[in-house]
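So the structure is just underneath, and the comments pick up after that.
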Amino acid sequence: MFTGMDEVDWASMRHAYGSAEDVPALLRGLASADPAEREIALDGMYGAVHHQGDVYDSTLACVPFLFVLAGHEEVRDRGGIVELLVSIGGDGEAYETEAGDPDSGPDPDMAASYAMARAAVRASAPVFARLTGDADPGVRRAAAAAVVRFSAEPAPVLGLLRERITVEREDEVLLALTEALGFLARHHPGHAAEAVGLLMTQCAPPLPPGLRLAALGQLAGCAPDLLPADLVPTAVALLRDRSRHRTAAPAGPDRPDTDTLVGRLRRLRPSDDEGNQLLRTLHTALGGRVTDRIALLNGQLSSPDTADRCNAVWMSSGLFGEWRGDYATSVALIGVQLRADEDHLRDAATSVLEGLFALAAPAADDLHALVVARPDLWVRRWEHGAPTLGGPLKALARSGDPRAVPALAQVLAGPVVPPDLGRVVPHLGRAAEPLAPALRELLAGVPVGAPDTYDRGVPLLNALAELGDAESLPLALRLLSGGPREYVSRRYVEASALRLLGGYGAVAREAAPVVRGLLDGESAVAAADALWAIEGDAEAVLPALMRELSGGDTYRRKEAAEVLGRLGAAAGPAAARLRRMVGRSGAGPVEASKLWERTTAGCALWRITGDPERALPVLRGAWAQNAHTRVPIAECVAALGAAGLPLHDLLRAELAAARRHTARPGEYASHDVYTDERLLRVCREAVAAG
């Protein structure tokens, strides 16, 4: 199996962690009789030789030996080796995107490496065709995905798939063959009609429900016009029929309990991973058909089968995070899962609801019931690091439900107060005012200049600022004037304390001397912002803001422009410098940091001069180039009132868009929904006011 391997100069090659001299041991490990050694070796291949999808010279050198291993029947777990080869070769769609950066352009070396890897795997594609008839079902399943991606001629592959579908008896392999037909139809239009015809036959009884569901998912991706009119009821019925007849997975070879990424990912798979993939494929193919997807999700969430409901909860976050829609019923059904006895289902529902913020309101009754019934879930303790607020209580507070306040008060009075508790208070608005005394007491205990001053102090300062708690003024002053002059994160602590003081306005006049003393330091912009709010004296703050506007720190220039915009006409002396920052609009995209700087300067210039001529092309360009600029631009338009009318067309188009502005295909971040809903709220208010 390893003929010629020792003649390769592995020491001269590299992988993600340096010299590739350990690669021969990894290759031999893949052929080991010990399942733990095989898993550790496979983990090493993914972790070093093919780290995060990268291709090195050692990766290319491994390809011939991996094909030899995949073809030897005495080697166990060869399906994993075939999957590794598919990953190394790429899927033919993504490698160009991964090889380039939108700001810096394509990386020629990386693009060349991907191309060589694909060519190396494609050169041995006939091996994949042979392996579709292997005795090991795991190998046949992986080979079906491989042969359709790397064979040069689609016609023979289509014939092979037709033949294998006829003789195959293992459901997992039939599902892979169905997916292969969908891939071929999408990537080879000249053969799509025949592939789609085969998929249509897979949709009909008496074939098993799982296979019919898989065929529907592939049709949705390659021939959506051929989907049945009653797609959602059909899919839900097939899912429930499949669940009724699903049996425990047959006992496969003993799996080692290795502490590897491969092992951890295997243990984290859903209990019904196949069902999860079937429905995820269908949801992905339906894309922006949000009404159908909501109905499908609701059908999943109403299933009698726990695994179906748990899969639905997890995949709901992808729908909520990418598309706008009326999710009230879906969210309420996720709330129902909080009543489950199964910890994994309850935890999944809690995790999704945490990321919905105000959209979690339809589940608030169930969240509140869980919070009341399970005080042990109020605080989550970790083996390492500080405790955090428990998921159910955090989700209830983030939803804005005032019923979270009594539980938060008890946590504040308890022996362990999570540092992140202050972060949920702003979402409760004035309902959280009873928490102010306890928050002040905690803030009084935060040491100045300690390693944890930021983690402990900033959430409390921000919470008290949202509450407008004037009694916190001495505590903010203590953080501004006490302790060492220099410590890690001092600037951010000062910014939060100054924001608190600025929120008091003239009430904080006694703090003005301290604030004025910070105009020459790193917190000059935040100090100027606070001092303007306290005294309203432009002459006192303009020198500091003008200095920062001309400085070398891009972030501080952007901050200074934001504050100058809030000064309005009083910042007239800064208009000339802001015009230079805005520059002239030209063709093509703008580098990311310059884009933000020009956007902020454009908003400020418009608010100061009332003249949109210079700002409009810059703001329109930024809105189109970087979706993350849309919230500050919309806030600028809202602040201008009727004068912001020239950009109301952008706001109306945003309100009409189905896709969230934060959406990134295949990715979902916990604040995506919150940020997008904030944009929609600002757009609605601005358009209504104008």
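As shown in the structure tokens, the chain order sets the letters A, B, ...; within each chain, residues go from 1, and ligands are also counted from 1 in the order they appear.
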
Self-check item: Contact residues around stretch 307-309 of chain A with only C-alpha atoms at 9 Å, ignoring same-chain residues under 5 positions, as a PyMOL selection string
Solution: chain A and resi 239-240+243+270-272+275-276+300-302+314+334+337+345

Exercise. For A:Gly502, work out the shell of residues within 7 Å, counting only C-alpha atoms and skipping chain neighbours fewer than 5 positions away, then give it as an MDAnalysis selection string.
Key: chainID A and resid 530:531 533:534

With N, CA, C and O atoms retained, could you export that selection as a PDB file, in the first residue's frame?
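See selection-v9.pdb below for the written result:
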ATOM      1  N   ALA A 530     -19.537  63.800  25.808  1.00  0.00           N
ATOM      2  CA  ALA A 530     -20.193  63.969  27.107  1.00  0.00           C
ATOM      3  C   ALA A 530     -20.259  65.444  27.506  1.00  0.00           C
ATOM      4  O   ALA A 530     -21.287  65.923  28.002  1.00  0.00           O
ATOM      5  N   LEU A 531     -19.168  66.171  27.271  1.00  0.00           N
ATOM      6  CA  LEU A 531     -19.134  67.577  27.684  1.00  0.00           C
ATOM      7  C   LEU A 531     -20.145  68.408  26.880  1.00  0.00           C
ATOM      8  O   LEU A 531     -20.788  69.316  27.423  1.00  0.00           O
ATOM      9  N   ALA A 533     -22.963  67.261  25.744  1.00  0.00           N
ATOM     10  CA  ALA A 533     -24.277  66.932  26.299  1.00  0.00           C
ATOM     11  C   ALA A 533     -24.505  67.636  27.635  1.00  0.00           C
ATOM     12  O   ALA A 533     -25.631  68.032  27.954  1.00  0.00           O
ATOM     13  N   ILE A 534     -23.437  67.825  28.408  1.00  0.00           N
ATOM     14  CA  ILE A 534     -23.573  68.446  29.734  1.00  0.00           C
ATOM     15  C   ILE A 534     -23.680  69.962  29.640  1.00  0.00           C
ATOM     16  O   ILE A 534     -24.523  70.586  30.285  1.00  0.00           O
TER      17      ILE A 534
END

Quiz prompt | A:Ala215 environment, 12 Å, only C-alpha atoms, sequence neighbours closer than 5 positions dropped, as a ChimeraX atom specification | solution = /A:174-183,195-205,207-210,220-224,226-228,235,238,278-279,281-282,285

Go ahead and save the residues from that selection, with N, CA, C and O atoms, as a compact mmCIF listing (two decimals), in the first residue's frame.
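Saved to again_1.txt:
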# COMPACT_ATOMS: atom_id res chain seq x y z
N LEU A 174 -28.61 4.83 -1.12
CA LEU A 174 -29.62 5.35 -2.03
C LEU A 174 -29.79 6.86 -1.86
O LEU A 174 -29.97 7.59 -2.84
N LEU A 175 -29.72 7.31 -0.64
CA LEU A 175 -29.81 8.75 -0.40
C LEU A 175 -28.64 9.48 -1.05
O LEU A 175 -28.81 10.55 -1.65
N ALA A 176 -27.44 8.91 -0.95
CA ALA A 176 -26.26 9.54 -1.56
C ALA A 176 -26.38 9.54 -3.08
O ALA A 176 -25.99 10.51 -3.75
N LEU A 177 -26.93 8.47 -3.65
CA LEU A 177 -27.12 8.43 -5.10
C LEU A 177 -28.15 9.48 -5.55
O LEU A 177 -28.00 10.11 -6.61
N THR A 178 -29.18 9.68 -4.75
CA THR A 178 -30.18 10.71 -5.05
C THR A 178 -29.54 12.09 -5.02
O THR A 178 -29.79 12.94 -5.89
N GLU A 179 -28.72 12.35 -4.01
CA GLU A 179 -28.01 13.64 -3.94
C GLU A 179 -27.09 13.81 -5.14
O GLU A 179 -26.95 14.92 -5.69
N ALA A 180 -26.47 12.73 -5.58
CA ALA A 180 -25.58 12.81 -6.74
C ALA A 180 -26.35 13.18 -8.00
O ALA A 180 -25.87 13.95 -8.85
N LEU A 181 -27.57 12.64 -8.14
CA LEU A 181 -28.39 13.02 -9.30
C LEU A 181 -28.70 14.51 -9.29
O LEU A 181 -28.67 15.18 -10.33
N GLY A 182 -29.03 15.03 -8.12
CA GLY A 182 -29.30 16.46 -8.02
C GLY A 182 -28.08 17.30 -8.37
O GLY A 182 -28.19 18.32 -9.07
N PHE A 183 -26.91 16.88 -7.91
CA PHE A 183 -25.67 17.59 -8.23
C PHE A 183 -25.43 17.59 -9.74
O PHE A 183 -25.09 18.62 -10.34
N ALA A 195 -31.54 13.33 -15.59
CA ALA A 195 -31.32 13.22 -14.14
C ALA A 195 -32.59 13.59 -13.38
O ALA A 195 -32.96 12.92 -12.40
N VAL A 196 -33.27 14.64 -13.84
CA VAL A 196 -34.51 15.06 -13.18
C VAL A 196 -35.57 13.98 -13.34
O VAL A 196 -36.35 13.71 -12.41
N GLY A 197 -35.61 13.33 -14.50
CA GLY A 197 -36.56 12.24 -14.68
C GLY A 197 -36.35 11.12 -13.68
O GLY A 197 -37.31 10.56 -13.13
N LEU A 198 -35.10 10.79 -13.42
CA LEU A 198 -34.80 9.77 -12.41
C LEU A 198 -35.22 10.24 -11.03
O LEU A 198 -35.73 9.45 -10.22
N LEU A 199 -35.01 11.53 -10.74
CA LEU A 199 -35.43 12.06 -9.44
C LEU A 199 -36.95 11.98 -9.30
O LEU A 199 -37.46 11.69 -8.21
N MET A 200 -37.68 12.23 -10.37
CA MET A 200 -39.13 12.17 -10.31
C MET A 200 -39.60 10.76 -9.94
O MET A 200 -40.55 10.59 -9.17
N THR A 201 -38.91 9.76 -10.47
CA THR A 201 -39.30 8.39 -10.11
C THR A 201 -39.00 8.08 -8.65
O THR A 201 -39.67 7.25 -8.03
N GLN A 202 -38.00 8.79 -8.09
CA GLN A 202 -37.64 8.57 -6.68
C GLN A 202 -38.66 9.21 -5.74
O GLN A 202 -38.64 8.94 -4.54
N CYS A 203 -39.50 10.09 -6.26
CA CYS A 203 -40.47 10.80 -5.42
C CYS A 203 -41.74 9.99 -5.17
O CYS A 203 -42.57 10.39 -4.34
N ALA A 204 -41.92 8.94 -5.90
CA ALA A 204 -43.22 8.26 -5.90
C ALA A 204 -43.19 6.99 -5.04
O ALA A 204 -42.15 6.35 -4.87
N PRO A 205 -44.35 6.62 -4.49
CA PRO A 205 -44.44 5.34 -3.79
C PRO A 205 -44.26 4.22 -4.83
O PRO A 205 -44.44 4.44 -6.03
N LEU A 207 -41.56 3.68 -2.94
CA LEU A 207 -40.24 3.91 -2.35
C LEU A 207 -40.40 4.43 -0.92
O LEU A 207 -41.39 5.08 -0.58
N PRO A 208 -39.41 4.18 -0.07
CA PRO A 208 -39.53 4.59 1.34
C PRO A 208 -39.58 6.10 1.49
O PRO A 208 -39.05 6.85 0.66
N PRO A 209 -40.21 6.58 2.57
CA PRO A 209 -40.42 8.03 2.72
C PRO A 209 -39.14 8.84 2.78
O PRO A 209 -39.10 9.97 2.27
N GLY A 210 -38.09 8.31 3.39
CA GLY A 210 -36.84 9.06 3.46
C GLY A 210 -36.26 9.33 2.09
O GLY A 210 -35.78 10.44 1.80
N ALA A 220 -36.15 20.44 -5.59
CA ALA A 220 -36.28 21.85 -5.20
C ALA A 220 -35.06 22.65 -5.63
O ALA A 220 -35.15 23.84 -5.93
N GLY A 221 -33.91 21.98 -5.66
CA GLY A 221 -32.67 22.67 -6.02
C GLY A 221 -32.41 22.74 -7.51
O GLY A 221 -31.70 23.63 -7.97
N CYS A 222 -32.96 21.79 -8.30
CA CYS A 222 -32.61 21.76 -9.72
C CYS A 222 -33.81 21.89 -10.65
O CYS A 222 -33.64 22.26 -11.82
N ALA A 223 -35.00 21.60 -10.18
CA ALA A 223 -36.20 21.71 -11.03
C ALA A 223 -37.39 22.12 -10.18
O ALA A 223 -38.37 21.37 -10.06
N PRO A 224 -37.36 23.31 -9.57
CA PRO A 224 -38.42 23.70 -8.64
C PRO A 224 -39.81 23.75 -9.29
O PRO A 224 -40.81 23.57 -8.59
N LEU A 226 -41.14 21.58 -11.01
CA LEU A 226 -41.74 20.25 -11.02
C LEU A 226 -42.15 19.78 -9.62
O LEU A 226 -42.64 18.66 -9.47
N LEU A 227 -41.95 20.63 -8.63
CA LEU A 227 -42.38 20.25 -7.28
C LEU A 227 -43.90 20.18 -7.21
O LEU A 227 -44.60 20.94 -7.89
N PRO A 228 -44.43 19.29 -6.38
CA PRO A 228 -45.89 19.21 -6.26
C PRO A 228 -46.47 20.48 -5.66
O PRO A 228 -45.82 21.17 -4.87
N ALA A 235 -44.21 16.91 2.19
CA ALA A 235 -42.94 16.75 2.91
C ALA A 235 -43.17 16.43 4.38
O ALA A 235 -42.49 15.56 4.95
N LEU A 238 -44.32 12.84 4.68
CA LEU A 238 -43.20 11.92 4.48
C LEU A 238 -42.29 11.88 5.71
O LEU A 238 -41.81 10.82 6.12
N LEU A 278 -31.84 15.64 5.51
CA LEU A 278 -32.92 15.64 4.53
C LEU A 278 -33.69 16.95 4.56
O LEU A 278 -33.95 17.58 3.52
N LEU A 279 -34.08 17.39 5.75
CA LEU A 279 -34.87 18.61 5.86
C LEU A 279 -34.01 19.84 5.64
O LEU A 279 -34.48 20.84 5.07
N THR A 281 -31.52 20.06 3.59
CA THR A 281 -31.37 20.16 2.13
C THR A 281 -32.60 20.80 1.50
O THR A 281 -32.48 21.68 0.63
N LEU A 282 -33.78 20.39 1.94
CA LEU A 282 -35.01 20.94 1.38
C LEU A 282 -35.14 22.43 1.73
O LEU A 282 -35.47 23.26 0.87
N ALA A 285 -32.71 24.45 -0.40
CA ALA A 285 -33.12 24.54 -1.80
C ALA A 285 -34.31 25.49 -1.97
O ALA A 285 -34.41 26.19 -2.99

How close does stretch 20-91 of chain A get to stretch 133-140 of chain A? List, as JSON lines, each residue of stretch 20-91 of chain A within 12 Å, its nearest atom pair and the distance in Å to one decimal, counting only C-alpha atoms.
{"residue": "A:Leu69", "atom": "CA", "partner": "A:Val139", "partner_atom": "CA", "distance": 11.7}
{"residue": "A:Ala70", "atom": "CA", "partner": "A:Val139", "partner_atom": "CA", "distance": 8.3}
{"residue": "A:Gly71", "atom": "CA", "partner": "A:Asp134", "partner_atom": "CA", "distance": 9.0}
{"residue": "A:His72", "atom": "CA", "partner": "A:Asp134", "partner_atom": "CA", "distance": 10.2}
{"residue": "A:Glu73", "atom": "CA", "partner": "A:Ala135", "partner_atom": "CA", "distance": 8.2}
{"residue": "A:Glu74", "atom": "CA", "partner": "A:Asp136", "partner_atom": "CA", "distance": 10.5}
{"residue": "A:Val75", "atom": "CA", "partner": "A:Asp136", "partner_atom": "CA", "distance": 10.6}
{"residue": "A:Arg76", "atom": "CA", "partner": "A:Asp136", "partner_atom": "CA", "distance": 9.1}
{"residue": "A:Asp77", "atom": "CA", "partner": "A:Gly138", "partner_atom": "CA", "distance": 7.6}
{"residue": "A:Arg78", "atom": "CA", "partner": "A:Val139", "partner_atom": "CA", "distance": 6.0}
{"residue": "A:Gly79", "atom": "CA", "partner": "A:Val139", "partner_atom": "CA", "distance": 4.1}
{"residue": "A:Gly80", "atom": "CA", "partner": "A:Val139", "partner_atom": "CA", "distance": 7.9}
{"residue": "A:Ile81", "atom": "CA", "partner": "A:Val139", "partner_atom": "CA", "distance": 8.7}
{"residue": "A:Val82", "atom": "CA", "partner": "A:Val139", "partner_atom": "CA", "distance": 7.1}
{"residue": "A:Glu83", "atom": "CA", "partner": "A:Val139", "partner_atom": "CA", "distance": 9.0}
{"residue": "A:Leu84", "atom": "CA", "partner": "A:Val139", "partner_atom": "CA", "distance": 11.9}

Selected residues, all heavy atoms, written as a compact mmCIF listing (two decimals), in the first residue's frame, please.
# COMPACT_ATOMS: atom_id res chain seq x y z
N LEU A 69 -5.13 3.61 -0.42
CA LEU A 69 -5.81 3.18 0.80
C LEU A 69 -7.30 2.99 0.56
O LEU A 69 -7.91 2.02 1.04
CB LEU A 69 -5.60 4.22 1.90
CG LEU A 69 -4.21 4.29 2.54
CD1 LEU A 69 -4.07 5.56 3.37
CD2 LEU A 69 -3.98 3.06 3.42
N ALA A 70 -7.91 3.91 -0.18
CA ALA A 70 -9.35 3.82 -0.43
C ALA A 70 -9.72 2.56 -1.21
O ALA A 70 -10.83 2.04 -1.06
CB ALA A 70 -9.82 5.05 -1.19
N GLY A 71 -8.78 2.06 -2.02
CA GLY A 71 -9.08 0.89 -2.84
C GLY A 71 -8.77 -0.44 -2.20
O GLY A 71 -9.11 -1.48 -2.76
N HIS A 72 -8.15 -0.47 -1.04
CA HIS A 72 -7.79 -1.73 -0.37
C HIS A 72 -8.92 -2.16 0.55
O HIS A 72 -9.18 -1.53 1.56
CB HIS A 72 -6.49 -1.56 0.42
CG HIS A 72 -5.26 -1.87 -0.37
ND1 HIS A 72 -4.66 -3.11 -0.35
CD2 HIS A 72 -4.54 -1.12 -1.24
CE1 HIS A 72 -3.60 -3.10 -1.15
NE2 HIS A 72 -3.51 -1.89 -1.70
N GLU A 73 -9.55 -3.27 0.22
CA GLU A 73 -10.73 -3.70 0.97
C GLU A 73 -10.41 -4.05 2.42
O GLU A 73 -11.29 -4.00 3.28
CB GLU A 73 -11.38 -4.90 0.28
CG GLU A 73 -12.01 -4.53 -1.06
CD GLU A 73 -12.83 -5.67 -1.65
OE1 GLU A 73 -12.93 -6.73 -0.98
OE2 GLU A 73 -13.36 -5.51 -2.76
N GLU A 74 -9.16 -4.44 2.71
CA GLU A 74 -8.84 -4.81 4.09
C GLU A 74 -8.72 -3.60 5.02
O GLU A 74 -8.68 -3.74 6.25
CB GLU A 74 -7.54 -5.63 4.14
CG GLU A 74 -6.30 -4.90 3.66
CD GLU A 74 -6.05 -5.07 2.18
OE1 GLU A 74 -7.04 -5.31 1.44
OE2 GLU A 74 -4.89 -4.96 1.77
N VAL A 75 -8.66 -2.40 4.47
CA VAL A 75 -8.58 -1.18 5.28
C VAL A 75 -9.98 -0.82 5.75
O VAL A 75 -10.93 -0.76 4.96
CB VAL A 75 -7.98 -0.01 4.47
CG1 VAL A 75 -8.03 1.28 5.28
CG2 VAL A 75 -6.54 -0.34 4.07
N ARG A 76 -10.13 -0.59 7.04
CA ARG A 76 -11.44 -0.23 7.59
C ARG A 76 -11.67 1.28 7.49
O ARG A 76 -10.75 2.07 7.36
CB ARG A 76 -11.51 -0.66 9.07
CG ARG A 76 -11.24 -2.14 9.31
CD ARG A 76 -12.38 -2.98 8.80
NE ARG A 76 -13.61 -2.68 9.52
CZ ARG A 76 -13.98 -3.25 10.68
NH1 ARG A 76 -13.18 -4.15 11.25
NH2 ARG A 76 -15.11 -2.93 11.25
N ASP A 77 -12.94 1.67 7.55
CA ASP A 77 -13.34 3.10 7.54
C ASP A 77 -12.85 3.82 6.30
O ASP A 77 -12.49 5.00 6.33
CB ASP A 77 -12.80 3.83 8.79
CG ASP A 77 -13.38 3.28 10.08
OD1 ASP A 77 -14.53 2.80 10.04
OD2 ASP A 77 -12.71 3.36 11.11
N ARG A 78 -12.88 3.12 5.16
CA ARG A 78 -12.41 3.75 3.92
C ARG A 78 -13.35 4.86 3.44
O ARG A 78 -12.94 5.73 2.67
CB ARG A 78 -12.22 2.70 2.83
CG ARG A 78 -11.01 1.81 3.06
CD ARG A 78 -10.90 0.73 2.00
NE ARG A 78 -12.01 -0.21 2.08
CZ ARG A 78 -12.79 -0.56 1.06
NH1 ARG A 78 -12.58 -0.04 -0.14
NH2 ARG A 78 -13.76 -1.43 1.22
N GLY A 79 -14.60 4.82 3.90
CA GLY A 79 -15.51 5.90 3.52
C GLY A 79 -14.98 7.25 3.96
O GLY A 79 -15.11 8.25 3.23
N GLY A 80 -14.35 7.30 5.13
CA GLY A 80 -13.77 8.54 5.62
C GLY A 80 -12.61 9.00 4.76
O GLY A 80 -12.39 10.22 4.59
N ILE A 81 -11.86 8.05 4.19
CA ILE A 81 -10.74 8.41 3.31
C ILE A 81 -11.27 8.99 2.00
O ILE A 81 -10.73 9.98 1.47
CB ILE A 81 -9.85 7.18 3.05
CG1 ILE A 81 -9.24 6.70 4.37
CG2 ILE A 81 -8.76 7.51 2.04
CD1 ILE A 81 -8.45 5.40 4.26
N VAL A 82 -12.34 8.39 1.47
CA VAL A 82 -12.95 8.93 0.25
C VAL A 82 -13.47 10.34 0.50
O VAL A 82 -13.30 11.25 -0.33
CB VAL A 82 -14.07 8.01 -0.26
CG1 VAL A 82 -14.78 8.63 -1.46
CG2 VAL A 82 -13.52 6.64 -0.63
N GLU A 83 -14.12 10.57 1.64
CA GLU A 83 -14.61 11.91 1.98
C GLU A 83 -13.46 12.91 2.09
O GLU A 83 -13.60 14.07 1.68
CB GLU A 83 -15.39 11.85 3.29
CG GLU A 83 -16.72 11.12 3.18
CD GLU A 83 -17.39 10.90 4.52
OE1 GLU A 83 -16.72 11.16 5.57
OE2 GLU A 83 -18.55 10.47 4.55
N LEU A 84 -12.32 12.47 2.61
CA LEU A 84 -11.15 13.35 2.69
C LEU A 84 -10.68 13.72 1.29
O LEU A 84 -10.35 14.89 1.01
CB LEU A 84 -10.03 12.65 3.47
CG LEU A 84 -8.69 13.38 3.54
CD1 LEU A 84 -8.83 14.74 4.22
CD2 LEU A 84 -7.65 12.52 4.28

Quiz item: If you measure from atom CA of A:Met581 to atom CA of A:Leu567, what distance in Å do you get, rounded to one decimal?
Solution: 17.7 Å

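Near A:Glu539, within 10 Å and counting only C-alpha atoms, sit A:Trp532, A:Pro543, A:Ala544, A:Ala570, A:Ala571; same-chain residues fewer than 4 positions away were not included.
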
Could you write out that same residue set with C-alpha atoms as a PDB file, in the first residue's frame?
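Done, and the output landed in again_21.pdb:
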ATOM      1  CA  TRP A 532     -21.302  68.776  24.789  1.00  0.00           C
ATOM      2  CA  PRO A 543     -10.552  71.828  19.367  1.00  0.00           C
ATOM      3  CA  ALA A 544     -10.347  68.263  20.656  1.00  0.00           C
ATOM      4  CA  ALA A 570     -22.468  74.234  15.821  1.00  0.00           C
ATOM      5  CA  ALA A 571     -19.722  72.105  14.235  1.00  0.00           C
TER       6      ALA A 571
END

Practice problem: Using only C-alpha atoms, pick whichever of A:Gly610, A:Gly503, A:Gly517, A:Gly325 has the shortest atom-to-atom distance to A:Gly568. | Solution: A:Gly610

Quiz prompt | Long-range neighbours of A:Ala560 as a PyMOL selection string, 10 Å cut-off, only C-alpha atoms, 4 positions minimum in chain | solution = chain A and resi 524-526+528-529+542+544-550+554-556+564-565+600-601+604

Residue selection dump (N, CA, C and O atoms) as a compact mmCIF listing (two decimals), in the first residue's frame:
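Dumped to out.txt:
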# COMPACT_ATOMS: atom_id res chain seq x y z
N ALA A 524 -10.51 61.41 24.33
CA ALA A 524 -10.89 62.78 23.99
C ALA A 524 -12.25 62.85 23.29
O ALA A 524 -13.07 63.73 23.58
N VAL A 525 -12.50 61.92 22.38
CA VAL A 525 -13.76 61.99 21.63
C VAL A 525 -14.94 61.72 22.54
O VAL A 525 -15.95 62.46 22.52
N ALA A 526 -14.85 60.68 23.36
CA ALA A 526 -15.94 60.38 24.28
C ALA A 526 -16.13 61.51 25.28
O ALA A 526 -17.27 61.85 25.66
N ALA A 528 -15.46 64.73 24.74
CA ALA A 528 -16.10 65.84 24.03
C ALA A 528 -17.59 65.59 23.86
O ALA A 528 -18.41 66.51 24.02
N ASP A 529 -17.94 64.36 23.55
CA ASP A 529 -19.35 64.01 23.39
C ASP A 529 -20.12 64.25 24.69
O ASP A 529 -21.21 64.85 24.70
N LEU A 542 -14.80 71.64 20.30
CA LEU A 542 -14.35 71.60 18.90
C LEU A 542 -12.85 71.41 18.75
O LEU A 542 -12.41 70.64 17.88
N ALA A 544 -10.69 69.68 20.48
CA ALA A 544 -10.35 68.26 20.66
C ALA A 544 -10.88 67.43 19.49
O ALA A 544 -10.17 66.55 18.96
N LEU A 545 -12.09 67.68 19.05
CA LEU A 545 -12.67 66.91 17.95
C LEU A 545 -11.95 67.19 16.64
O LEU A 545 -11.70 66.26 15.85
N MET A 546 -11.56 68.45 16.41
CA MET A 546 -10.82 68.78 15.19
C MET A 546 -9.44 68.10 15.20
O MET A 546 -8.96 67.63 14.16
N ARG A 547 -8.82 68.06 16.37
CA ARG A 547 -7.51 67.40 16.48
C ARG A 547 -7.64 65.91 16.14
O ARG A 547 -6.84 65.35 15.39
N GLU A 548 -8.66 65.25 16.70
CA GLU A 548 -8.84 63.83 16.46
C GLU A 548 -9.22 63.57 15.01
O GLU A 548 -8.85 62.55 14.42
N LEU A 549 -9.95 64.50 14.40
CA LEU A 549 -10.36 64.35 13.02
C LEU A 549 -9.16 64.37 12.07
O LEU A 549 -9.21 63.78 10.99
N SER A 550 -8.09 65.01 12.49
CA SER A 550 -6.89 65.11 11.66
C SER A 550 -5.82 64.11 12.07
O SER A 550 -4.73 64.10 11.49
N THR A 554 -7.60 55.77 12.39
CA THR A 554 -8.83 55.73 11.59
C THR A 554 -10.07 55.63 12.46
O THR A 554 -11.08 56.31 12.21
N TYR A 555 -10.00 54.79 13.49
CA TYR A 555 -11.18 54.59 14.34
C TYR A 555 -11.53 55.87 15.07
O TYR A 555 -12.71 56.24 15.18
N ARG A 556 -10.50 56.59 15.56
CA ARG A 556 -10.78 57.82 16.30
C ARG A 556 -11.27 58.93 15.37
O ARG A 556 -12.08 59.78 15.76
N LEU A 564 -19.20 65.08 15.87
CA LEU A 564 -19.40 66.36 15.18
C LEU A 564 -20.77 66.39 14.50
O LEU A 564 -21.45 67.43 14.49
N GLY A 565 -21.20 65.27 13.97
CA GLY A 565 -22.52 65.22 13.37
C GLY A 565 -23.62 65.50 14.38
O GLY A 565 -24.61 66.17 14.07
N THR A 600 -19.08 57.87 7.67
CA THR A 600 -19.30 58.65 8.88
C THR A 600 -19.14 60.15 8.61
O THR A 600 -19.94 60.97 9.08
N ALA A 601 -18.11 60.50 7.82
CA ALA A 601 -17.90 61.91 7.49
C ALA A 601 -19.05 62.45 6.65
O ALA A 601 -19.48 63.60 6.82
N ALA A 604 -21.98 63.14 8.92
CA ALA A 604 -21.72 64.32 9.74
C ALA A 604 -21.85 65.60 8.92
O ALA A 604 -22.45 66.59 9.36

Practice problem: Select, from A:Glu494, A:Asp520, A:Glu194, A:Glu591, the residue with the minimum atom-to-atom distance to A:Ala622, counting only C-alpha atoms. | Solution: A:Glu591

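Proximity ranking of A:Arg380, A:Glu170, A:Val371, A:Gly429 relative to A:Ala404 places A:Val371 first, based on only C-alpha atoms.
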
Quiz prompt | From A:Thr453, A:Ser113, A:Ser496, A:Ser12, residue lying nearest A:His50 [only C-alpha atoms] | solution =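 Among the listed residues, the smallest separation from A:His50 belongs to A:Ser113.
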
Practice problem: Write out as a PyMOL selection string each polymer residue whose atoms come within 10 Å of A:Ile294, counting only C-alpha atoms; drop sequence neighbours fewer than 5 positions from it. | Solution: chain A and resi 232+283+289+299-300+316+319-320+325-327+329-330

Quiz item: Of the candidates A:Asp43, A:Asp366, A:Ala111, A:Asp455, which one gets nearest to A:Pro387 if we count only C-alpha atoms?
Solution: A:Asp455

Exercise. Write out as number ranges by chain the residues lying within 8 Å of A:Trp378, counting only C-alpha atoms and excluding same-chain residues fewer than 2 positions away.
Key: A: 371, 374-376, 380, 389-393, 407, 411

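With only C-alpha atoms as the atoms that count, the residue of A:Arg324, A:Cys62, A:Gly552, A:Ser19 with the shortest distance to A:Arg293 is A:Arg324.
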
Practice problem: Could you give me the residues within stretch 100-141 of chain A that DSSP places in strand (DSSP E or B), as a list in words? | Solution: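 Checking each residue of stretch 100-141 of chain A, the strand (DSSP E or B) ones are Gly100, Asp101, Gly105 and Pro106 of chain A.
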
Residues as selected, N, CA and C atoms, written as a short mmCIF file (atom, residue, chain, number, x, y, z; two decimals), in the first residue's frame, can you do that?
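And here's result-v7.cif as it stands now:
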data_model
loop_
_atom_site.label_atom_id
_atom_site.label_comp_id
_atom_site.auth_asym_id
_atom_site.auth_seq_id
_atom_site.Cartn_x
_atom_site.Cartn_y
_atom_site.Cartn_z
N GLY A 100 -9.74 33.84 -2.74
CA GLY A 100 -9.59 35.28 -2.87
C GLY A 100 -10.23 36.02 -1.73
N ASP A 101 -9.72 37.20 -1.51
CA ASP A 101 -10.28 38.10 -0.50
C ASP A 101 -10.93 39.26 -1.22
N GLY A 105 -8.16 40.95 -3.36
CA GLY A 105 -8.13 40.24 -4.62
C GLY A 105 -7.67 38.80 -4.44
N PRO A 106 -7.70 38.00 -5.50
CA PRO A 106 -7.36 36.58 -5.41
C PRO A 106 -5.90 36.37 -5.01
#
